[in-house]
Amino acid sequence: MTQISVSSRICGLTHTVTGRIEGDSIIIEIDTPCEKFRAFTFLEVPLQKLPDNQNDIILEMERQINCSFECTRECALDCTRKCLIPGAVFNVCNIENELAKKSLQILPLKDAGVLLNESTN
């Protein structure tokens, strides 16, 4: 599990992004007081279809909650382009992806060692 906390000077809020691998997906949870992300409970990203950049993360997040994160005219802050949440989500996805790759690389080596040890006894 990976957890990143970011505190933004733009909005003055602290956000926590947590990610974990479940099966062949990364489950992302966002804990934030930001009203734009309030309805956002979690994001499920397939390991085989990880976004290439933060813009892709934003599009995927908007698709999964069927809502746009763009600021409205009533919004006092134009924080969308500078928001730290999509960047934190992107980083959590990359970290979890690398951890998944490492655990997959280790498993065959352990299995091969166990088989080798068992065959010599």
# chains A, B, ... in the order shown; residues from 1 in each chain; ligands from 1
$ residues_around --residues "segment 25-38 of chain A" --least-positions-apart "6" --cutoff "8 Å" --atoms "only C-alpha atoms" --output "list in words"
Leu13, Thr14, His15, Thr16, Val17, Thr18, Gly19, Glu44, Val45, Pro46, Leu47, Phe69, Val89, Val92, Cys93 and Glu96 of chain A
$ write_last_selection --atoms "N, CA and C atoms" --output "mmCIF file, in the first residue's frame"
data_model
loop_
_atom_site.group_PDB
_atom_site.id
_atom_site.type_symbol
_atom_site.label_atom_id
_atom_site.label_comp_id
_atom_site.auth_asym_id
_atom_site.auth_seq_id
_atom_site.Cartn_x
_atom_site.Cartn_y
_atom_site.Cartn_z
ATOM 1 N N LEU A 13 -5.586 23.327 1.506
ATOM 2 C CA LEU A 13 -6.111 22.049 1.984
ATOM 3 C C LEU A 13 -5.043 20.968 1.954
ATOM 4 N N THR A 14 -5.216 19.973 2.803
ATOM 5 C CA THR A 14 -4.343 18.807 2.807
ATOM 6 C C THR A 14 -5.129 17.620 2.271
ATOM 7 N N HIS A 15 -4.508 16.881 1.355
ATOM 8 C CA HIS A 15 -5.149 15.743 0.698
ATOM 9 C C HIS A 15 -4.297 14.500 0.930
ATOM 10 N N THR A 16 -4.936 13.369 1.132
ATOM 11 C CA THR A 16 -4.245 12.098 1.285
ATOM 12 C C THR A 16 -4.740 11.148 0.205
ATOM 13 N N VAL A 17 -3.783 10.604 -0.560
ATOM 14 C CA VAL A 17 -4.099 9.659 -1.626
ATOM 15 C C VAL A 17 -3.477 8.322 -1.250
ATOM 16 N N THR A 18 -4.289 7.283 -1.225
ATOM 17 C CA THR A 18 -3.844 5.940 -0.861
ATOM 18 C C THR A 18 -4.127 4.997 -2.028
ATOM 19 N N GLY A 19 -3.170 4.126 -2.305
ATOM 20 C CA GLY A 19 -3.351 3.150 -3.372
ATOM 21 C C GLY A 19 -2.911 1.769 -2.931
ATOM 22 N N GLU A 44 -10.514 3.009 -9.735
ATOM 23 C CA GLU A 44 -9.958 1.692 -10.040
ATOM 24 C C GLU A 44 -9.244 1.774 -11.377
ATOM 25 N N VAL A 45 -7.943 1.505 -11.346
ATOM 26 C CA VAL A 45 -7.111 1.609 -12.547
ATOM 27 C C VAL A 45 -6.520 0.236 -12.855
ATOM 28 N N PRO A 46 -6.852 -0.347 -14.009
ATOM 29 C CA PRO A 46 -6.260 -1.638 -14.381
ATOM 30 C C PRO A 46 -4.743 -1.499 -14.572
ATOM 31 N N LEU A 47 -3.986 -2.456 -14.072
ATOM 32 C CA LEU A 47 -2.524 -2.405 -14.210
ATOM 33 C C LEU A 47 -2.089 -2.378 -15.671
ATOM 34 N N PHE A 69 -13.767 18.219 -13.394
ATOM 35 C CA PHE A 69 -13.056 18.880 -12.300
ATOM 36 C C PHE A 69 -12.701 20.325 -12.635
ATOM 37 N N VAL A 89 -2.211 11.067 -7.374
ATOM 38 C CA VAL A 89 -2.820 9.827 -7.884
ATOM 39 C C VAL A 89 -1.890 9.188 -8.903
ATOM 40 N N VAL A 92 1.082 7.608 -7.063
ATOM 41 C CA VAL A 92 0.681 6.388 -6.354
ATOM 42 C C VAL A 92 0.520 5.235 -7.346
ATOM 43 N N CYS A 93 -0.083 5.507 -8.495
ATOM 44 C CA CYS A 93 -0.238 4.463 -9.525
ATOM 45 C C CYS A 93 1.127 3.946 -9.975
ATOM 46 N N GLU A 96 2.788 1.861 -7.094
ATOM 47 C CA GLU A 96 2.131 0.557 -6.955
ATOM 48 C C GLU A 96 2.444 -0.345 -8.151
#
$ closest_residue --among "A:Asn53, A:Thr41, A:Ser5, A:Asn97" --to "Arg20 of chain A" --atoms "only C-alpha atoms"
A:Asn97
$ closest_residue --among "A:Ile57, A:Glu22, A:Ala88, A:Lys101" --to "Gln3 of chain A" --atoms "only C-alpha atoms"
A:Ala88
$ select_by_dssp --residues "segment 4-100 of chain A" --states "helix (DSSP H, G or I)" --output "PyMOL selection string"
chain A and resi 47-49+54-65+85-100
$ atom_distance --atom1 "atom CA of Asn91 of chain A" --atom2 "atom CA of Leu59 of chain A"
15.7 Å
